[in-house]
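Visitor: Below you'll find query02.tsv; it's TSV, C-alpha atoms.
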```tsv
chain	number	residue	atom	x	y	z
A	1	MET	CA	13.42	-11.77	5.40
A	2	HIS	CA	15.07	-12.05	2.02
A	3	ARG	CA	15.42	-8.67	0.35
A	4	ARG	CA	13.66	-9.79	-2.82
A	5	THR	CA	10.59	-10.96	-0.94
A	6	ALA	CA	10.20	-7.63	0.75
A	7	LEU	CA	8.97	-6.06	-2.52
A	8	THR	CA	5.54	-7.49	-1.60
A	9	VAL	CA	5.23	-5.75	1.76
A	10	SER	CA	2.94	-3.07	0.42
A	11	ALA	CA	1.12	-5.02	-2.29
A	12	ALA	CA	-2.66	-4.75	-2.62
A	13	LEU	CA	-4.36	-7.49	-4.63
A	14	LEU	CA	-7.98	-6.42	-4.98
A	15	ALA	CA	-11.13	-7.56	-6.71
A	16	ALA	CA	-12.55	-5.49	-9.55
A	17	ALA	CA	-15.00	-2.63	-8.99
A	18	PRO	CA	-16.00	0.45	-11.01
A	19	LEU	CA	-15.08	4.02	-10.18
A	20	LEU	CA	-17.77	6.19	-8.64
A	21	THR	CA	-18.85	9.74	-9.13
A	22	ALA	CA	-20.23	9.99	-5.60
A	23	CYS	CA	-20.02	8.17	-2.32
A	24	GLY	CA	-22.75	5.67	-1.54
A	25	SER	CA	-23.66	7.64	1.56
A	26	ASP	CA	-25.29	11.04	1.10
A	27	ALA	CA	-23.24	12.23	4.07
A	28	HIS	CA	-20.05	12.00	2.00
A	29	PRO	CA	-20.81	12.88	-1.61
A	30	GLY	CA	-17.81	12.48	-3.89
A	31	ALA	CA	-15.87	10.40	-1.39
A	32	ALA	CA	-14.58	6.89	-2.09
A	33	ALA	CA	-13.95	6.43	1.63
A	34	VAL	CA	-13.79	8.32	4.89
A	35	VAL	CA	-10.96	7.43	7.27
A	36	GLY	CA	-10.74	8.95	10.71
A	37	GLY	CA	-13.18	11.63	9.61
A	38	GLU	CA	-11.03	12.56	6.60
A	39	ARG	CA	-12.22	11.95	3.05
A	40	ILE	CA	-10.48	10.10	0.28
A	41	ASP	CA	-12.08	11.80	-2.68
A	42	VAL	CA	-12.97	9.88	-5.81
A	43	SER	CA	-10.99	12.50	-7.74
A	44	SER	CA	-7.83	11.64	-5.75
A	45	LEU	CA	-8.35	7.96	-6.39
A	46	GLN	CA	-8.96	8.57	-10.08
A	47	ALA	CA	-5.74	10.60	-10.29
A	48	GLN	CA	-3.72	7.68	-8.91
A	49	VAL	CA	-5.38	5.27	-11.31
A	50	LYS	CA	-4.77	7.64	-14.23
A	51	ASP	CA	-1.05	7.86	-13.41
A	52	VAL	CA	-0.73	4.08	-13.41
A	53	ARG	CA	-2.68	3.66	-16.65
A	54	ALA	CA	-0.50	6.29	-18.33
A	55	ALA	CA	2.65	4.46	-17.24
A	56	GLN	CA	1.22	1.15	-18.42
A	57	GLU	CA	0.38	2.59	-21.82
A	58	ARG	CA	4.02	3.58	-22.26
A	59	SER	CA	5.14	-0.01	-21.71
A	60	PRO	CA	5.69	-2.51	-24.56
A	61	GLN	CA	3.47	-4.86	-22.51
A	62	ALA	CA	0.69	-2.28	-22.18
A	63	ALA	CA	-2.20	-4.60	-23.04
A	64	GLN	CA	-1.08	-7.29	-20.60
A	65	LEU	CA	-0.46	-4.79	-17.81
A	66	VAL	CA	-3.86	-3.15	-18.19
A	67	GLN	CA	-5.60	-6.51	-18.32
A	68	ALA	CA	-3.76	-7.74	-15.23
A	69	THR	CA	-4.86	-4.67	-13.24
A	70	GLY	CA	-8.48	-4.35	-14.26
A	71	ASP	CA	-9.17	-4.14	-10.51
A	72	LEU	CA	-6.94	-1.07	-10.22
A	73	PRO	CA	-9.43	1.39	-8.63
A	74	ARG	CA	-10.12	-0.90	-5.66
A	75	ARG	CA	-6.48	-1.89	-5.50
A	76	LYS	CA	-5.39	1.72	-5.19
A	77	LEU	CA	-8.15	2.59	-2.72
A	78	ASN	CA	-7.08	-0.31	-0.52
A	79	VAL	CA	-3.55	1.06	-0.44
A	80	MET	CA	-4.71	4.63	0.18
A	81	ILE	CA	-6.77	3.52	3.17
A	82	PHE	CA	-4.03	1.23	4.47
A	83	ASP	CA	-1.51	4.08	4.37
A	84	ARG	CA	-3.72	6.04	6.75
A	85	VAL	CA	-3.85	3.07	9.11
A	86	VAL	CA	-0.06	2.87	8.95
A	87	ASP	CA	0.17	6.58	9.77
A	88	LYS	CA	-2.04	6.11	12.83
A	89	VAL	CA	-0.08	3.13	14.12
A	90	ALA	CA	3.15	5.06	13.60
A	91	ALA	CA	1.80	8.12	15.43
A	92	ASP	CA	0.42	6.01	18.28
A	93	ASN	CA	3.83	4.41	18.76
A	94	GLY	CA	5.97	7.49	18.27
A	95	VAL	CA	7.44	6.24	15.01
A	96	THR	CA	8.65	8.82	12.51
A	97	VAL	CA	10.66	8.73	9.29
A	98	THR	CA	13.43	11.11	8.28
A	99	ARG	CA	14.21	12.26	4.78
A	100	ALA	CA	17.62	10.59	5.08
A	101	GLU	CA	16.00	7.23	5.91
A	102	LEU	CA	13.70	7.49	2.92
A	103	GLN	CA	16.59	8.35	0.60
A	104	GLN	CA	18.75	5.56	2.00
A	105	THR	CA	15.99	3.00	1.55
A	106	ARG	CA	15.13	4.13	-1.96
A	107	THR	CA	18.79	3.95	-2.91
A	108	ALA	CA	18.89	0.38	-1.58
A	109	PHE	CA	15.74	-0.51	-3.52
A	110	VAL	CA	17.28	0.84	-6.72
A	111	ARG	CA	20.57	-0.98	-6.14
A	112	GLU	CA	18.98	-4.33	-5.33
A	113	SER	CA	16.55	-4.05	-8.25
A	114	GLY	CA	19.34	-3.39	-10.74
A	115	GLY	CA	18.68	0.29	-11.37
A	116	GLU	CA	15.98	2.95	-11.22
A	117	GLU	CA	14.36	1.82	-14.46
A	118	ARG	CA	14.22	-1.80	-13.34
A	119	LEU	CA	12.68	-0.83	-10.00
A	120	ALA	CA	10.00	1.21	-11.77
A	121	THR	CA	9.29	-1.67	-14.15
A	122	VAL	CA	8.95	-4.24	-11.36
A	123	LEU	CA	6.64	-2.05	-9.27
A	124	LEU	CA	4.48	-1.20	-12.28
A	125	GLN	CA	4.18	-4.85	-13.32
A	126	GLU	CA	3.77	-6.44	-9.90
A	127	GLN	CA	1.93	-3.78	-7.92
A	128	GLY	CA	0.39	-1.32	-10.34
A	129	VAL	CA	2.61	1.46	-8.99
A	130	ALA	CA	3.39	4.41	-11.27
A	131	PRO	CA	6.90	5.92	-11.18
A	132	GLY	CA	5.59	8.97	-9.33
A	133	GLN	CA	4.16	6.70	-6.62
A	134	ILE	CA	7.41	4.91	-5.75
A	135	ASP	CA	8.18	7.27	-2.88
A	136	ASP	CA	4.91	6.18	-1.25
A	137	VAL	CA	6.05	2.55	-1.46
A	138	VAL	CA	9.39	3.48	0.09
A	139	ARG	CA	7.76	5.43	2.92
A	140	ARG	CA	5.33	2.59	3.64
A	141	ASN	CA	8.14	0.05	3.84
A	142	VAL	CA	10.26	2.21	6.13
A	143	LEU	CA	7.34	2.89	8.46
A	144	MET	CA	6.26	-0.75	8.55
A	145	ASN	CA	9.77	-1.92	9.40
A	146	LYS	CA	10.22	0.74	12.08
A	147	ILE	CA	6.83	-0.07	13.60
A	148	ALA	CA	7.74	-3.77	13.66
A	149	ALA	CA	11.05	-2.96	15.36
A	150	LYS	CA	9.37	-0.66	17.90
A	151	LEU	CA	6.82	-3.34	18.78
A	152	GLY	CA	9.44	-6.08	18.91
A	153	VAL	CA	7.69	-8.01	16.15
A	154	THR	CA	9.59	-11.02	14.85
A	155	ASP	CA	8.98	-13.07	11.72
A	156	THR	CA	7.05	-15.73	13.63
A	157	PRO	CA	3.31	-16.56	13.76
A	158	GLU	CA	3.13	-14.90	17.18
A	159	GLY	CA	4.92	-11.80	15.97
A	160	GLN	CA	2.76	-11.48	12.89
A	161	GLN	CA	-0.39	-11.90	14.98
A	162	LYS	CA	0.78	-9.12	17.28
A	163	MET	CA	1.31	-6.86	14.27
A	164	THR	CA	-2.12	-7.71	12.91
A	165	ASP	CA	-3.76	-7.02	16.29
A	166	VAL	CA	-2.13	-3.59	16.52
A	167	PHE	CA	-3.18	-2.62	13.00
A	168	SER	CA	-6.68	-3.99	13.52
A	169	ALA	CA	-7.14	-1.86	16.65
A	170	ALA	CA	-5.96	1.24	14.79
A	171	SER	CA	-8.26	0.41	11.89
A	172	LYS	CA	-11.28	0.16	14.21
A	173	ALA	CA	-10.37	3.46	15.88
A	174	LEU	CA	-10.41	5.21	12.51
A	175	ALA	CA	-14.03	4.14	11.86
A	176	ILE	CA	-13.35	3.52	8.17
A	177	ASP	CA	-16.39	4.01	5.95
A	178	VAL	CA	-16.01	2.79	2.36
A	179	ASN	CA	-18.36	3.47	-0.50
A	180	PRO	CA	-20.13	0.11	-0.94
A	181	ARG	CA	-19.28	0.04	-4.65
A	182	TYR	CA	-15.71	-0.70	-3.55
A	183	GLY	CA	-16.69	-3.29	-0.96
A	184	ALA	CA	-16.50	-3.05	2.82
A	185	TRP	CA	-13.49	-2.46	5.01
A	186	ASP	CA	-12.50	-5.43	7.19
A	187	ASP	CA	-10.94	-4.17	10.43
A	188	ALA	CA	-9.83	-7.64	11.49
A	189	GLN	CA	-7.89	-8.22	8.26
A	190	VAL	CA	-7.05	-4.52	7.72
A	191	ARG	CA	-8.15	-4.57	4.09
A	192	LEU	CA	-11.09	-4.19	1.77
A	193	SER	CA	-13.32	-7.24	1.74
A	194	ALA	CA	-12.55	-9.94	-0.84
A	195	THR	CA	-8.92	-8.80	-1.10
A	196	THR	CA	-5.64	-9.96	0.38
A	197	ALA	CA	-3.24	-8.02	2.60
A	198	PRO	CA	0.16	-9.72	2.48
A	199	TRP	CA	1.95	-6.77	4.10
A	200	LEU	CA	1.00	-7.93	7.60
A	201	ARG	CA	2.70	-11.27	7.02
A	202	GLN	CA	5.76	-10.09	5.15
A	203	ILE	CA	7.47	-7.51	7.32
A	204	SER	CA	11.22	-7.29	6.87
A	205	GLN	CA	13.52	-6.27	9.69
A	206	ASP	CA	16.11	-5.11	7.15
A	207	PRO	CA	15.63	-1.37	6.52
A	208	ALA	CA	17.39	-1.77	3.19
A	209	ALA	CA	15.05	-4.56	2.08
A	210	VAL	CA	13.77	-4.20	-1.45
A	211	PRO	CA	9.98	-4.24	-1.79
A	212	ALA	CA	8.98	-7.00	-4.18
A	213	GLY	CA	5.76	-5.97	-5.43
A	214	ALA	CA	1.38	-1.73	-2.06
```
Could you express the structure from this file as structure tokens?

Guide:
Amino acid sequence: MHRRTALTVSAALLAAAPLLTACGSDAHPGAAAVVGGERIDVSSLQAQVKDVRAAQERSPQAAQLVQATGDLPRRKLNVMIFDRVVDKVAADNGVTVTRAELQQTRTAFVRESGGEERLATVLLQEQGVAPGQIDDVVRRNVLMNKIAAKLGVTDTPEGQQKMTDVFSAASKALAIDVNPRYGAWDDAQVRLSATTAPWLRQISQDPAAVPAGA
């Protein structure tokens, strides 16, 4: 895969939905979702959204950025849930990431993007990722590429279907319960309903690939 295209591996393009003060189920008050028995608290989700909004407000294109990510709470929740699915698939397949791998990949991202500031700008504009969240994008990309390599996944329809099947099985095993205000989790597509999940169709085999756009 071309390095530039890889920026979209972890993108999450979600439909709009309001933040909650409590989970829709009385069994999980204050939770936006429960994944594998572990809560994703609304407060944690709000913190991620707040970081992005603060970064957007510092941009000369603040109004356009905020308008383009009016769906940000669901977008971020989708990514937060997906990261837990990635962690399960990695654990199930004995895939780990070293600090050196993360640093090497981030350095490659910065170089290919034309500098740290340019990388931050691209991720903020295209993915709604705050500067403090870039390490999460790096980790996700490294894990996804290592999982693909471990499973022998190639950039073919058959390879992508294999990847989807593995992630779908892990998603089902986690019994993901999402507050209905955010939609419903789709195990087959590994995403919140009414959203897209391009990461399962855009896996790069190049560990130095630059993510184009979580």

Visitor: Pick out the closest residue to A:Val52 from this set: A:Arg75, A:Lys162, A:Arg140, A:Lys146. Count all atoms listed in the file.

Guide: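 The shortest atom-to-atom distance to A:Val52 comes from A:Arg75.
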
Visitor: Which is closer to A:Asp41 than all the others in A:Ile81, A:Gln161, A:Ser59, A:Arg191, using all atoms listed in the file?

Guide: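 So, comparing all the options, the nearest one is A:Ile81.
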
Visitor: Measure the distance from atom CA of A:Lys150 to atom CA of A:Gly36 in Å and round it to one decimal.

Guide: 23.4 Å

Visitor: Using all atoms listed in the file, which of A:Val138, A:Val178, A:Met144, A:Val153 sits nearest A:Ser193?

Guide: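 Result for the nearest residue to A:Ser193: A:Val178.
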
Visitor: Check which residues of stretch 128-189 of chain A sit at most 10 Å from stretch 84-101 of chain A using only C-alpha atoms, and return one row each with the closest pair of atoms and their distance in Å to one decimal, ordered by chain and rising number, as JSON lines.

Guide:
```
{"residue": "A:Val138", "atom": "CA", "partner": "A:Glu101", "partner_atom": "CA", "distance": 9.6}
{"residue": "A:Arg139", "atom": "CA", "partner": "A:Val97", "partner_atom": "CA", "distance": 7.7}
{"residue": "A:Arg140", "atom": "CA", "partner": "A:Val86", "partner_atom": "CA", "distance": 7.6}
{"residue": "A:Val142", "atom": "CA", "partner": "A:Val97", "partner_atom": "CA", "distance": 7.3}
{"residue": "A:Leu143", "atom": "CA", "partner": "A:Val97", "partner_atom": "CA", "distance": 6.8}
{"residue": "A:Met144", "atom": "CA", "partner": "A:Val86", "partner_atom": "CA", "distance": 7.3}
{"residue": "A:Lys146", "atom": "CA", "partner": "A:Val95", "partner_atom": "CA", "distance": 6.8}
{"residue": "A:Ile147", "atom": "CA", "partner": "A:Ala90", "partner_atom": "CA", "distance": 6.3}
{"residue": "A:Ala148", "atom": "CA", "partner": "A:Ala90", "partner_atom": "CA", "distance": 10.0}
{"residue": "A:Ala149", "atom": "CA", "partner": "A:Val95", "partner_atom": "CA", "distance": 9.9}
{"residue": "A:Lys150", "atom": "CA", "partner": "A:Asn93", "partner_atom": "CA", "distance": 7.6}
{"residue": "A:Leu151", "atom": "CA", "partner": "A:Asn93", "partner_atom": "CA", "distance": 8.3}
{"residue": "A:Val166", "atom": "CA", "partner": "A:Val89", "partner_atom": "CA", "distance": 7.4}
{"residue": "A:Phe167", "atom": "CA", "partner": "A:Val89", "partner_atom": "CA", "distance": 6.6}
{"residue": "A:Ser168", "atom": "CA", "partner": "A:Val85", "partner_atom": "CA", "distance": 8.8}
{"residue": "A:Ala169", "atom": "CA", "partner": "A:Val89", "partner_atom": "CA", "distance": 9.0}
{"residue": "A:Ala170", "atom": "CA", "partner": "A:Val89", "partner_atom": "CA", "distance": 6.2}
{"residue": "A:Ser171", "atom": "CA", "partner": "A:Val85", "partner_atom": "CA", "distance": 5.9}
{"residue": "A:Lys172", "atom": "CA", "partner": "A:Val85", "partner_atom": "CA", "distance": 9.5}
{"residue": "A:Ala173", "atom": "CA", "partner": "A:Lys88", "partner_atom": "CA", "distance": 9.3}
{"residue": "A:Leu174", "atom": "CA", "partner": "A:Val85", "partner_atom": "CA", "distance": 7.7}
{"residue": "A:Ile176", "atom": "CA", "partner": "A:Val85", "partner_atom": "CA", "distance": 9.6}
```

Visitor: Residues near stretch 131-135 of chain A, anyone? I mean within 10 Å using all atoms listed in the file, not counting same-chain ones fewer than 4 positions away, as a list in words.

Guide: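 Using all atoms listed in the file, the neighbours found are Gln48, Asp51, Val52, Ala55, Leu102, Gln103, Thr105, Arg106, Glu116, Glu117, Leu119, Ala120, Thr121, Leu123, Leu124, Arg139, Arg140, Asn141 and Ala214 of chain A.
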
Visitor: So that I can see what lies close to A:Val34, please list as a PyMOL selection string the residues with an atom at most 6 Å from it, counting only C-alpha atoms and leaving out residues fewer than 2 positions away in the same chain.

Guide: chain A and resi 37-40+176-177

Visitor: List the spatial neighbours of A:Gly152 as a list of chain:residue names - criterion: any atom at most 12 Å away, only C-alpha atoms, same-chain residues fewer than 6 positions off excluded.

Guide: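 Result of the neighbour search: A:Asn93, A:Asn145, A:Lys146, A:Glu158, A:Gly159, A:Gln160, A:Lys162, A:Met163, A:Ile203, A:Gln205.
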
Visitor: Determine, counting all atoms listed in the file, which protein, DNA and RNA residues have an atom within 12 Å of an atom of A:Gln46; residues of the same chain fewer than 3 positions away are not included. Present the result as a ChimeraX atom specification.

Guide: /A:18-21,30-32,40-43,49-53,72-77,80

Visitor: Tell me, in Å to one decimal, how far atom CA of A:Val110 is from atom CA of A:Ala130.

Guide: 15.0 Å

Visitor: Just checking: using all atoms listed in the file, which residue out of A:Thr69, A:Val79, A:Gln127, A:Ala33 ends up closest to A:Ala184?

Guide: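 Going through A:Thr69, A:Val79, A:Gln127, A:Ala33 one by one, the smallest distance to A:Ala184 is for A:Ala33.
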
Visitor: Figure out the distance between atom CA of A:Asp155 and atom CA of A:Ala188, please, to one decimal in Å.

Guide: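 Separation of atom CA of A:Ala188 and atom CA of A:Asp155: 19.6 Å.
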
Visitor: Name the closest residue to A:Glu57 among the candidates A:Asp136, A:Arg118, A:Glu112, A:Gln125; distances are taken between atoms, counting only C-alpha atoms.

Guide: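 Checking each of A:Asp136, A:Arg118, A:Glu112, A:Gln125 against A:Glu57, counting only C-alpha atoms, the winner is A:Gln125.
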
Visitor: Which residue gives the smallest distance to A:Ala68 among A:Pro29, A:Glu126, A:Ala108, A:Ala47, with only C-alpha atoms counted?

Guide: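 Checking each of A:Pro29, A:Glu126, A:Ala108, A:Ala47 against A:Ala68, counting only C-alpha atoms, the winner is A:Glu126.
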